[in-house]
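Here's the structure, in structure tokens; my notes come after.
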Amino acid sequence: MINAALDICGISKLFGNNLANDDISLSLGKGEIVALLGENGAGKTTLMNILFGHYVPDSGKVLIEGRELPPGKPRAAIRAGIGMVHQHFSLAPNLTVLENVMAGTESLWRLRSGTDAARQKLQGICSRFGLTVDPHARLGDLSVGEQQRVEILKALYNDARILVLDEPTAVLTNLESERLFSTLKYMAREGLSLIFISHKLDEVMAAADRIVVLRGGRKVAERLASKTNKAELAELMVGRKVARPVREPSTPREVVLEVAGVSVIIDGVERLKSIDFTLRAGEVLGIIGVSGNGQTTLAHLLSGTVSRDKGVVVLFGEPIGDLSVEGAVLAGIGRVPEDRNNEGAIGEMAIWENAILERLPRFSRHGLVDRSAGQAFARMIIDAFDVRGGKPTTRTRLLSGGNMQKLILGRNLIERPRILIAAQPARGLDEGAVAAVHERLLQARREGTAVLLISEDLDEVMALADRIQAIVNGRLSPPVSAQEADATKLGLMMAGEWNEEHEISDAL
Amino acid sequence: MRFERREHRSVALVIATPVLAVLCALALAGILIAIAGAPVMEAYWRILVGAFGSRLSATETLTRASPLILTGLAAAVAFRARLWNIGGEGQFYLGAISVAAASSQLLAGLPSAVQIPLLLAVGAAAGIVLLLVPLWLRLSFSVDEVVTTLLLNFVALLFVSMLIDGVLKDPMAFGWPQSQPVADDAVLPKLLARSRLHIGLGIGFVLAVAVHLVQSRTVFGMQSRAAGLNPAGAVFAGVPLGRTLVKVACISGGLAGLAGAIEVMGVQGYVTTDLSPGYGYSGIVVAMLANLNPLGVVLAALFTAVMFVGADGMSRSMGIPTYIADVTVSLSLISMLVGVFFTQYRIRR
Ligand SMILES: Nc1ncnc2c1ncn2[C@@H]1O[C@H](COP(=O)(O)OP(=O)(O)O)[C@@H](O)[C@H]1O
Ligand SMILES: [Mg+2]
């Protein structure tokens with residue numbers, strides 16, 4: 001108790017009749033990284049909001065270095081040295097990095113702002129922790145990873161000694177995540193204490209010293225990272241054994257889609273450079289790659305929202321021109337976009353409206369929307385795909401990520417599409433939902449759908465794909481079959497190292 | 001303490017908000033009336049009497065409400081699709097002057113039954129044209145339409161001013177800058193004899209219901225809502241963003257132009273540069289007060305008209321500046337915005 005930087009003692013919090021936190025206690029040592037692991041809705045964010053004074057707990061208390069923190073006072077929490085990096089950033093995109101960091105620290109009544117002193121302090125912090133950012137860059141111009149770094153800097157600027165990061169990797173690419181972890185470890189060595197919230201097993205194993213597992217608002221276990229493994233953690237987190245499904249062998253059938261020498265230029269940048277692939281009915285073709293290498297463009301190209309500048313696309317044996325969204329949907333191409341919240345659904349619209357929006361011609365007559373048919377369609381999806389947490393008329397925003405993804409999958413798969421374009425279909429979902437999504441993709445494959453799986457998750461691609469191609473800087477590697485692929489080989493492919501012969505034959 | 005989005009907005013809350021906002025605004029304005037040294041309740045009573053106390057005042061209030069319903073609908077439709085049409089005032093004037101020009105130069109002599117519908121269409125078309133220009137700039141060059149529509153208001157007003165001092169000047173007006181009058185056959189039929197109340201009010205009611213049905217029932221309504229709520233999502237779902245916005249602009253600009261048309265054809269008979277006491281701008285307030293609901297626009301327009309007409313009466317009988325009407329309407333807008341915020345968010349400890 002004496003050495004602990006932070007003690008959380010018996011915290012409970014009731015929302016309505018939903019016990020979000022149930023008598024949770026944990027302590028955090030100085031220089032330690034504790035991971036808070038739990039599925040969506042386990043109560044992680046609530047606990048941290050209590051720690052930070054956003055919510056008042058119904059019972060229990062928070063001690064910082066042995067001293068009790070007054071409940072419900074964010075300022076007191078900041079003064080006591082708690083810094084928080086929220087799941088959703090709280091920065092102003094139109095201010096500079098420095099202004100963002102300073103915001104809220106200066107008294108309103110001071111006439112001169114201490115910009116110079118602030119910049120020096122910020123630069124001191126930057127160099128101490130090896131976090132490089134240009135203090136005069138406009139925040140909105142930075143990448144998401146850099147913006148997160150600014151959030152961290154802001155906490156450090158406020159002299160945080162305890163740093164809480166709520167699902168920090170949800171918005172990051174794999175590479176950025178790894179960079180973040182090494183920063184966290186460095187900060188811990190420098191004496192900061194860190195709480196790192198996640199629902200991803202790999203990450204907590206990689207980043208944390210100790211792992212606290214929450215389930216249903218309760219603390220169910222506490223393990224040293226060195227003394228546990230992913231399987232045990234998965235079971236603790238979900239409360240039962242979860243196994244991600246793995247594809248069983250099958251024989252692919254006819255070619256449904258052939259893409260040859262296709263290039264796409266967006267705003268003067270060549271996003272796809274003369275790519276080739278074929279897709280067969282009843283197989284999963286995995287496209288693996290670190291995000292930012294052209295996956296988004298590839299998905300958009302086949303979803304009908306981007307058109308190509310060069311090359312040939314042969315769909316069901318016939319060369320086609322540019323694909324429109326309507327054309328894609330009519331042709332039987334199911335589309336699961338990588339950005340669920342922005343592209344996949346319109347949060348403020350009802351579930352049934354999102355279910356039919358891309359098929360309006362079918363659900364309307366003489367320009368009038370057929371509500372009852374639309375709602376029946378939505379109910380069918382909800383039943384068949386086990387979408388929980390809403391009726392057809394519920395606003396879609398209220399669904400959890402996993403259920404929203406089931407809705408998106410459902411509206412595509414219920415029609416038995418001949419092709420399914422699935423871009424990062426399990427990104428950001430918790431373990432149970434990942435298993436459900438994978439099972440759906442494999443089921444579609446069994447039923448003869450050709451699945452194009454675009455993902456940056458090696459495990460996912462190796463478990464599901466029959467053949468794998470890597471995408472690097474807009475180029476696509478030749479395919480390798482799943483039997484030949486292992487993590488090392490795929491790692492090399494993702495780094496752009498593949499057989500040059502193919503590229504030569506390509507150019508001919 | 002923090003603000004959280006509400007998961008469910010009850011119907012009662014949605015209806016109660018504007019009512020509470022108005023009450024709140026009246027209470028706040030009451031403080032000002034008290035400071036001005038008048039008895040507050042009496043002042044409000046005078047406003048009511050001023051707005052409804054006689055046949056004349058009641059018809060006057062409804063006459064005022066008619067163009068407000070149309071400009072309110074114009075703003076509501078556009079804002080729903082996140083097309084920030086601040087140019088209602090300019091579209092109003094362009095609609096008005098086009099009607100005056102068409103009636104006096106081209107269509108004079110046609111029978112009423114032909115001329116009136118044609119002129120209404122001309123007014124709407126003029127409003128549409130004036131809004132399509134900024135929309136085109138936005139779609140092809142990403143020029144912010146808030147700025148362009150706002151600035152075009154001044155362009156339109158100066159253009160009208162030029163015409164009524166030039167080619168369209170009424171030679172019989174003793175040198176006053178006013179347009180030639182619309183033909184007698186183009187005057188809108190009255191709803192009530194011996195009043196200024198004309199069928200523009202009915203047109204407003206009908207169009208409010210029509211807009212409501214279009215928004216809630218049609219493919220276009222659903223698409224324009226999607227485009228407004230989340231353009232990226234709409235595009236992914238295959239909503240033709242540009243085409244949808246063009247249709248929205250046609251409805252919005254058309255309604256504002258129509259407001260100008262009925263004001264010329266129903267009330268004044270000719271165009272001057274003070275034809276509108278800011279109907280275009282007030283339409284924005286009306287739309288916000290109605291929370292962009294087309295049926296709510298009718299009520300909000302009536303409220304605004306009551307305040308303006310009533311305050312005139314109050315001011316005459318009690319010696320309080322008529323600005324109290326402006327203040328009350330503005331305060332109710334602010335209260336409404338705060339109220340809308342609380343229908344969407346709650347405070348959580
Ligand atoms: N402000 C709130 N009002 C009502 N219920 C809430 C609120 N915040 C969280 N909850 C509920 O509390 C539970 C825990 O949520 P949360 O702490 O956000 O979980 P996590 O961060 O682990 O995903 C969930 O069931 C959630 O629905
Ligand atoms: Mg959370």
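By order in the structure tokens, chains are A, B, ...; within a chain, residues start at 1; ligands start at 1, following the order shown.
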Next on the checklist: As a quick test: using only C-alpha atoms and all ligand atoms, which residues lie no more than 9 Å away from ligand 2? Give them as a ChimeraX atom specification.
Outcome noted: /A:39-46,87,166-167,197-198
Next on the checklist: I need the contact residues of chain A against chain B, so if you could list those with any atom within 8 Å, counting only C-alpha atoms, and return them as an MDAnalysis selection string, that would help.
Outcome noted: chainID A and resid 53:56 72 303 305 324:326 342:346 348:349 357:358 360 364 367:369 398
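The list of residues with at least one atom within 10 Å of Gln268 (chain B), based on only C-alpha atoms and without residues fewer than 3 positions apart in the same chain, reads B:Pro181, B:Val182, B:Val187, B:Arg196, B:Ile262, B:Glu263, B:Val264, B:Met265, B:Val271, B:Thr272, B:Leu275.
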Emit the selected residues as a PDB file, in the first residue's frame, including N, CA and C atoms.
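File produced: result15.pdb:
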ATOM      1  N   PRO B 181     -46.363  47.882 -60.991  1.00  0.00           N
ATOM      2  CA  PRO B 181     -47.201  46.953 -60.231  1.00  0.00           C
ATOM      3  C   PRO B 181     -47.527  45.694 -61.033  1.00  0.00           C
ATOM      4  N   VAL B 182     -47.842  44.632 -60.323  1.00  0.00           N
ATOM      5  CA  VAL B 182     -48.312  43.432 -61.016  1.00  0.00           C
ATOM      6  C   VAL B 182     -49.707  43.712 -61.555  1.00  0.00           C
ATOM      7  N   VAL B 187     -53.229  39.566 -58.906  1.00  0.00           N
ATOM      8  CA  VAL B 187     -53.332  39.723 -57.458  1.00  0.00           C
ATOM      9  C   VAL B 187     -53.933  38.455 -56.860  1.00  0.00           C
ATOM     10  N   ARG B 196     -56.048  42.016 -45.613  1.00  0.00           N
ATOM     11  CA  ARG B 196     -54.916  41.761 -46.508  1.00  0.00           C
ATOM     12  C   ARG B 196     -54.604  40.262 -46.604  1.00  0.00           C
ATOM     13  N   ILE B 262     -45.501  35.591 -53.344  1.00  0.00           N
ATOM     14  CA  ILE B 262     -46.819  35.815 -52.727  1.00  0.00           C
ATOM     15  C   ILE B 262     -46.877  37.155 -52.015  1.00  0.00           C
ATOM     16  N   GLU B 263     -45.740  37.637 -51.548  1.00  0.00           N
ATOM     17  CA  GLU B 263     -45.761  38.923 -50.870  1.00  0.00           C
ATOM     18  C   GLU B 263     -46.081  40.041 -51.865  1.00  0.00           C
ATOM     19  N   VAL B 264     -45.504  39.939 -53.062  1.00  0.00           N
ATOM     20  CA  VAL B 264     -45.816  40.948 -54.080  1.00  0.00           C
ATOM     21  C   VAL B 264     -47.242  40.791 -54.574  1.00  0.00           C
ATOM     22  N   MET B 265     -47.610  39.555 -54.884  1.00  0.00           N
ATOM     23  CA  MET B 265     -48.921  39.337 -55.502  1.00  0.00           C
ATOM     24  C   MET B 265     -50.059  39.416 -54.502  1.00  0.00           C
ATOM     25  N   VAL B 271     -42.792  46.028 -56.056  1.00  0.00           N
ATOM     26  CA  VAL B 271     -41.592  45.744 -55.268  1.00  0.00           C
ATOM     27  C   VAL B 271     -40.892  47.033 -54.859  1.00  0.00           C
ATOM     28  N   THR B 272     -40.560  47.115 -53.584  1.00  0.00           N
ATOM     29  CA  THR B 272     -39.655  48.160 -53.118  1.00  0.00           C
ATOM     30  C   THR B 272     -38.526  47.468 -52.372  1.00  0.00           C
ATOM     31  N   LEU B 275     -39.632  45.673 -49.115  1.00  0.00           N
ATOM     32  CA  LEU B 275     -40.730  44.723 -49.220  1.00  0.00           C
ATOM     33  C   LEU B 275     -40.671  43.711 -48.068  1.00  0.00           C
TER      34      LEU B 275
END
Item to check | Shell around Gly286 (chain A) at 6 Å using only C-alpha atoms, local window under 6 positions removed, as a ChimeraX atom specification | outcome: /A:453-454,461,465,468
Using only C-alpha atoms and all ligand atoms, find each residue in chain A having at least one atom no more than 12 Å away from ligand 1; report its shortest atom-to-atom pair and that distance in Å (one decimal), rows by chain then rising number, as JSON lines.
{"residue": "A:Ser12", "atom": "CA", "partner": "ligand 1", "partner_atom_place_in_ligand_line": "12 (O)", "distance": 11.2}
{"residue": "A:Lys13", "atom": "CA", "partner": "ligand 1", "partner_atom_place_in_ligand_line": "12 (O)", "distance": 8.6}
{"residue": "A:Leu14", "atom": "CA", "partner": "ligand 1", "partner_atom_place_in_ligand_line": "12 (O)", "distance": 8.0}
{"residue": "A:Phe15", "atom": "CA", "partner": "ligand 1", "partner_atom_place_in_ligand_line": "4 (C)", "distance": 4.7}
{"residue": "A:Gly16", "atom": "CA", "partner": "ligand 1", "partner_atom_place_in_ligand_line": "4 (C)", "distance": 6.7}
{"residue": "A:Asn17", "atom": "CA", "partner": "ligand 1", "partner_atom_place_in_ligand_line": "5 (N)", "distance": 8.9}
{"residue": "A:Asn18", "atom": "CA", "partner": "ligand 1", "partner_atom_place_in_ligand_line": "12 (O)", "distance": 6.5}
{"residue": "A:Leu19", "atom": "CA", "partner": "ligand 1", "partner_atom_place_in_ligand_line": "12 (O)", "distance": 6.9}
{"residue": "A:Ala20", "atom": "CA", "partner": "ligand 1", "partner_atom_place_in_ligand_line": "12 (O)", "distance": 4.1}
{"residue": "A:Asn21", "atom": "CA", "partner": "ligand 1", "partner_atom_place_in_ligand_line": "14 (C)", "distance": 7.3}
{"residue": "A:Asp22", "atom": "CA", "partner": "ligand 1", "partner_atom_place_in_ligand_line": "14 (C)", "distance": 10.5}
{"residue": "A:Leu36", "atom": "CA", "partner": "ligand 1", "partner_atom_place_in_ligand_line": "22 (O)", "distance": 8.8}
{"residue": "A:Leu37", "atom": "CA", "partner": "ligand 1", "partner_atom_place_in_ligand_line": "22 (O)", "distance": 8.1}
{"residue": "A:Gly38", "atom": "CA", "partner": "ligand 1", "partner_atom_place_in_ligand_line": "22 (O)", "distance": 5.9}
{"residue": "A:Glu39", "atom": "CA", "partner": "ligand 1", "partner_atom_place_in_ligand_line": "22 (O)", "distance": 6.0}
{"residue": "A:Asn40", "atom": "CA", "partner": "ligand 1", "partner_atom_place_in_ligand_line": "23 (O)", "distance": 3.5}
{"residue": "A:Gly41", "atom": "CA", "partner": "ligand 1", "partner_atom_place_in_ligand_line": "19 (O)", "distance": 3.4}
{"residue": "A:Ala42", "atom": "CA", "partner": "ligand 1", "partner_atom_place_in_ligand_line": "22 (O)", "distance": 3.8}
{"residue": "A:Gly43", "atom": "CA", "partner": "ligand 1", "partner_atom_place_in_ligand_line": "17 (O)", "distance": 3.2}
{"residue": "A:Lys44", "atom": "CA", "partner": "ligand 1", "partner_atom_place_in_ligand_line": "22 (O)", "distance": 3.6}
{"residue": "A:Thr45", "atom": "CA", "partner": "ligand 1", "partner_atom_place_in_ligand_line": "21 (O)", "distance": 3.6}
{"residue": "A:Thr46", "atom": "CA", "partner": "ligand 1", "partner_atom_place_in_ligand_line": "17 (O)", "distance": 3.6}
{"residue": "A:Leu47", "atom": "CA", "partner": "ligand 1", "partner_atom_place_in_ligand_line": "17 (O)", "distance": 6.3}
{"residue": "A:Met48", "atom": "CA", "partner": "ligand 1", "partner_atom_place_in_ligand_line": "17 (O)", "distance": 8.0}
{"residue": "A:Asn49", "atom": "CA", "partner": "ligand 1", "partner_atom_place_in_ligand_line": "17 (O)", "distance": 8.2}
{"residue": "A:Ile50", "atom": "CA", "partner": "ligand 1", "partner_atom_place_in_ligand_line": "17 (O)", "distance": 9.8}
{"residue": "A:Leu51", "atom": "CA", "partner": "ligand 1", "partner_atom_place_in_ligand_line": "17 (O)", "distance": 11.9}
{"residue": "A:His54", "atom": "CA", "partner": "ligand 1", "partner_atom_place_in_ligand_line": "1 (N)", "distance": 10.2}
{"residue": "A:Tyr55", "atom": "CA", "partner": "ligand 1", "partner_atom_place_in_ligand_line": "1 (N)", "distance": 8.7}
{"residue": "A:Val56", "atom": "CA", "partner": "ligand 1", "partner_atom_place_in_ligand_line": "1 (N)", "distance": 11.3}
{"residue": "A:His86", "atom": "CA", "partner": "ligand 1", "partner_atom_place_in_ligand_line": "21 (O)", "distance": 10.6}
{"residue": "A:Gln87", "atom": "CA", "partner": "ligand 1", "partner_atom_place_in_ligand_line": "21 (O)", "distance": 8.9}
{"residue": "A:His88", "atom": "CA", "partner": "ligand 1", "partner_atom_place_in_ligand_line": "21 (O)", "distance": 11.7}
{"residue": "A:Leu165", "atom": "CA", "partner": "ligand 1", "partner_atom_place_in_ligand_line": "21 (O)", "distance": 11.4}
{"residue": "A:Asp166", "atom": "CA", "partner": "ligand 1", "partner_atom_place_in_ligand_line": "21 (O)", "distance": 7.9}
{"residue": "A:Glu167", "atom": "CA", "partner": "ligand 1", "partner_atom_place_in_ligand_line": "21 (O)", "distance": 8.4}
{"residue": "A:Pro168", "atom": "CA", "partner": "ligand 1", "partner_atom_place_in_ligand_line": "21 (O)", "distance": 11.9}
{"residue": "A:Phe196", "atom": "CA", "partner": "ligand 1", "partner_atom_place_in_ligand_line": "21 (O)", "distance": 11.8}
{"residue": "A:Ile197", "atom": "CA", "partner": "ligand 1", "partner_atom_place_in_ligand_line": "21 (O)", "distance": 8.3}
{"residue": "A:Ser198", "atom": "CA", "partner": "ligand 1", "partner_atom_place_in_ligand_line": "22 (O)", "distance": 8.5}
{"residue": "A:His199", "atom": "CA", "partner": "ligand 1", "partner_atom_place_in_ligand_line": "22 (O)", "distance": 8.3}
{"residue": "A:Val213", "atom": "CA", "partner": "ligand 1", "partner_atom_place_in_ligand_line": "22 (O)", "distance": 10.3}
{"residue": "A:Leu214", "atom": "CA", "partner": "ligand 1", "partner_atom_place_in_ligand_line": "22 (O)", "distance": 7.7}
{"residue": "A:Arg215", "atom": "CA", "partner": "ligand 1", "partner_atom_place_in_ligand_line": "22 (O)", "distance": 8.2}
{"residue": "A:Gly216", "atom": "CA", "partner": "ligand 1", "partner_atom_place_in_ligand_line": "14 (C)", "distance": 7.6}
{"residue": "A:Gly217", "atom": "CA", "partner": "ligand 1", "partner_atom_place_in_ligand_line": "14 (C)", "distance": 6.6}
{"residue": "A:Arg218", "atom": "CA", "partner": "ligand 1", "partner_atom_place_in_ligand_line": "14 (C)", "distance": 10.3}
{"residue": "A:Lys219", "atom": "CA", "partner": "ligand 1", "partner_atom_place_in_ligand_line": "22 (O)", "distance": 11.4}
{"residue": "A:Met237", "atom": "CA", "partner": "ligand 1", "partner_atom_place_in_ligand_line": "22 (O)", "distance": 10.9}
{"residue": "A:Gly389", "atom": "CA", "partner": "ligand 1", "partner_atom_place_in_ligand_line": "27 (O)", "distance": 10.5}
{"residue": "A:Leu398", "atom": "CA", "partner": "ligand 1", "partner_atom_place_in_ligand_line": "27 (O)", "distance": 9.8}
{"residue": "A:Leu399", "atom": "CA", "partner": "ligand 1", "partner_atom_place_in_ligand_line": "27 (O)", "distance": 10.3}
{"residue": "A:Ser400", "atom": "CA", "partner": "ligand 1", "partner_atom_place_in_ligand_line": "27 (O)", "distance": 9.2}
{"residue": "A:Gly401", "atom": "CA", "partner": "ligand 1", "partner_atom_place_in_ligand_line": "23 (O)", "distance": 10.3}
{"residue": "A:Gly402", "atom": "CA", "partner": "ligand 1", "partner_atom_place_in_ligand_line": "23 (O)", "distance": 11.7}
{"residue": "A:Gly428", "atom": "CA", "partner": "ligand 1", "partner_atom_place_in_ligand_line": "23 (O)", "distance": 11.4}
{"residue": "A:Leu429", "atom": "CA", "partner": "ligand 1", "partner_atom_place_in_ligand_line": "23 (O)", "distance": 10.7}
{"residue": "A:Asp430", "atom": "CA", "partner": "ligand 1", "partner_atom_place_in_ligand_line": "23 (O)", "distance": 9.5}
Item to check | Shell of 10 Å around region 149-159 of chain B, only C-alpha atoms, local chain residues under 3 positions omitted, as a PyMOL selection string | outcome: chain B and resi 84-94+97+130-135+144-146+162-165+272-274+280-281
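Residues of region 95-144 of chain A that DSSP places in helix (DSSP H, G or I), based on the backbone of this structure, are Val97, Leu98, Glu99, Asn100, Val101, Met102, Thr115, Asp116, Ala117, Ala118, Arg119, Gln120, Lys121, Leu122, Gln123, Gly124, Ile125, Cys126, Ser127, Arg128, Phe129, Leu139, Gly140, Asp141 and Val144 of chain A.
The space between CA of Ala126 (chain B) and CA of Ala208 (chain B) spans 20.3 Å.
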Next on the checklist: Applying 10 Å and only C-alpha atoms, which residues near region 122-124 of chain B remain after dropping the ones on its own chain fewer than 4 positions away? List them as a ChimeraX atom specification.
Outcome noted: /B:91-103,116-118,128-129,250-262,264
Restricted to N, CA, C and O atoms, what would the selected residues look like written as a CSV table (one decimal), in the first residue's frame?
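So the final result, stored in selection06.csv, reads:
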chain,number,residue,atom,x,y,z
B,91,GLN,N,-33.1,35.3,-52.2
B,91,GLN,CA,-34.0,34.5,-53.1
B,91,GLN,C,-35.5,35.1,-53.0
B,91,GLN,O,-36.2,35.1,-54.0
B,92,PHE,N,-35.8,35.6,-51.8
B,92,PHE,CA,-37.1,36.3,-51.7
B,92,PHE,C,-37.2,37.4,-52.6
B,92,PHE,O,-38.2,37.6,-53.4
B,93,TYR,N,-36.2,38.3,-52.6
B,93,TYR,CA,-36.3,39.5,-53.4
B,93,TYR,C,-36.2,39.2,-54.9
B,93,TYR,O,-36.9,39.8,-55.7
B,94,LEU,N,-35.4,38.2,-55.3
B,94,LEU,CA,-35.3,37.9,-56.7
B,94,LEU,C,-36.6,37.3,-57.2
B,94,LEU,O,-37.1,37.5,-58.3
B,95,GLY,N,-37.3,36.5,-56.3
B,95,GLY,CA,-38.6,35.9,-56.6
B,95,GLY,C,-39.6,37.1,-56.8
B,95,GLY,O,-40.3,37.1,-57.8
B,96,ALA,N,-39.5,38.0,-55.9
B,96,ALA,CA,-40.5,39.1,-56.0
B,96,ALA,C,-40.3,40.0,-57.3
B,96,ALA,O,-41.3,40.2,-58.0
B,97,ILE,N,-39.1,40.3,-57.6
B,97,ILE,CA,-38.8,41.2,-58.7
B,97,ILE,C,-39.1,40.5,-60.0
B,97,ILE,O,-39.6,41.1,-61.0
B,98,SER,N,-38.9,39.2,-60.0
B,98,SER,CA,-39.2,38.4,-61.3
B,98,SER,C,-40.7,38.4,-61.5
B,98,SER,O,-41.1,38.5,-62.7
B,99,VAL,N,-41.4,38.3,-60.5
B,99,VAL,CA,-42.9,38.3,-60.6
B,99,VAL,C,-43.3,39.6,-61.1
B,99,VAL,O,-44.1,39.7,-62.1
B,100,ALA,N,-42.8,40.7,-60.5
B,100,ALA,CA,-43.2,42.0,-60.9
B,100,ALA,C,-42.9,42.2,-62.4
B,100,ALA,O,-43.7,42.7,-63.2
B,101,ALA,N,-41.7,41.8,-62.8
B,101,ALA,CA,-41.3,42.0,-64.2
B,101,ALA,C,-42.1,41.2,-65.1
B,101,ALA,O,-42.6,41.7,-66.1
B,102,ALA,N,-42.3,39.9,-64.8
B,102,ALA,CA,-43.0,39.0,-65.7
B,102,ALA,C,-44.5,39.5,-65.8
B,102,ALA,O,-45.0,39.5,-66.9
B,103,SER,N,-45.1,39.9,-64.7
B,103,SER,CA,-46.5,40.3,-64.8
B,103,SER,C,-46.6,41.6,-65.6
B,103,SER,O,-47.5,41.7,-66.4
B,116,ILE,N,-51.7,33.6,-62.5
B,116,ILE,CA,-51.2,33.4,-61.1
B,116,ILE,C,-50.3,32.2,-61.0
B,116,ILE,O,-49.2,32.3,-60.5
B,117,PRO,N,-50.7,31.0,-61.4
B,117,PRO,CA,-49.8,29.9,-61.3
B,117,PRO,C,-48.5,30.1,-62.0
B,117,PRO,O,-47.4,29.7,-61.5
B,118,LEU,N,-48.6,30.7,-63.2
B,118,LEU,CA,-47.3,31.0,-64.0
B,118,LEU,C,-46.4,31.9,-63.2
B,118,LEU,O,-45.2,31.6,-63.1
B,128,ILE,N,-34.7,29.6,-57.2
B,128,ILE,CA,-33.9,28.4,-57.4
B,128,ILE,C,-32.6,28.8,-58.1
B,128,ILE,O,-31.5,28.3,-57.7
B,129,VAL,N,-32.7,29.6,-59.1
B,129,VAL,CA,-31.5,30.0,-59.8
B,129,VAL,C,-30.5,30.6,-58.9
B,129,VAL,O,-29.3,30.3,-58.9
B,250,CYS,N,-33.3,23.1,-55.1
B,250,CYS,CA,-34.4,23.5,-55.9
B,250,CYS,C,-35.6,23.7,-55.0
B,250,CYS,O,-36.4,24.7,-55.1
B,251,ILE,N,-35.8,22.8,-54.0
B,251,ILE,CA,-36.9,23.0,-53.1
B,251,ILE,C,-36.7,24.2,-52.2
B,251,ILE,O,-37.6,25.1,-52.1
B,252,SER,N,-35.5,24.3,-51.7
B,252,SER,CA,-35.3,25.4,-50.7
B,252,SER,C,-35.3,26.8,-51.4
B,252,SER,O,-36.1,27.7,-51.0
B,253,GLY,N,-34.6,26.9,-52.5
B,253,GLY,CA,-34.6,28.2,-53.2
B,253,GLY,C,-36.0,28.5,-53.8
B,253,GLY,O,-36.4,29.7,-53.8
B,254,GLY,N,-36.7,27.5,-54.2
B,254,GLY,CA,-38.0,27.7,-54.8
B,254,GLY,C,-39.0,28.2,-53.7
B,254,GLY,O,-39.8,29.1,-54.0
B,255,LEU,N,-38.9,27.6,-52.5
B,255,LEU,CA,-39.8,28.1,-51.4
B,255,LEU,C,-39.5,29.5,-51.1
B,255,LEU,O,-40.5,30.3,-50.9
B,256,ALA,N,-38.2,29.9,-51.0
B,256,ALA,CA,-37.9,31.3,-50.7
B,256,ALA,C,-38.3,32.3,-51.8
B,256,ALA,O,-38.9,33.3,-51.5
B,257,GLY,N,-38.1,31.8,-53.0
B,257,GLY,CA,-38.6,32.7,-54.1
B,257,GLY,C,-40.1,32.8,-54.1
B,257,GLY,O,-40.6,33.9,-54.4
B,258,LEU,N,-40.8,31.7,-53.8
B,258,LEU,CA,-42.2,31.8,-53.7
B,258,LEU,C,-42.7,32.7,-52.7
B,258,LEU,O,-43.7,33.4,-52.8
B,259,ALA,N,-42.0,32.8,-51.6
B,259,ALA,CA,-42.4,33.7,-50.5
B,259,ALA,C,-42.4,35.1,-51.0
B,259,ALA,O,-43.3,35.9,-50.8
B,260,GLY,N,-41.3,35.5,-51.8
B,260,GLY,CA,-41.3,36.8,-52.4
B,260,GLY,C,-42.5,37.0,-53.3
B,260,GLY,O,-43.1,38.1,-53.4
B,261,ALA,N,-42.8,36.0,-54.1
B,261,ALA,CA,-43.9,36.1,-55.1
B,261,ALA,C,-45.2,36.4,-54.4
B,261,ALA,O,-45.9,37.3,-54.8
B,262,ILE,N,-45.5,35.6,-53.3
B,262,ILE,CA,-46.8,35.8,-52.7
B,262,ILE,C,-46.9,37.2,-52.0
B,262,ILE,O,-47.9,37.8,-51.9
B,264,VAL,N,-45.5,39.9,-53.1
B,264,VAL,CA,-45.8,40.9,-54.1
B,264,VAL,C,-47.2,40.8,-54.6
B,264,VAL,O,-48.0,41.8,-54.7
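Candidate residues A:Val284, A:Leu156, A:Ala376, A:Val314 were compared for distance to Ala463 (chain A), and the nearest is A:Val284, using only C-alpha atoms.
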Item to check | DSSP strand (DSSP E or B) residues within region 97-343 of chain A, listed as a PyMOL selection string | outcome: chain A and resi 138+162-165+193-198+210-215+218-224+255-266+269-280+284-288+310-315+318-320+333-336
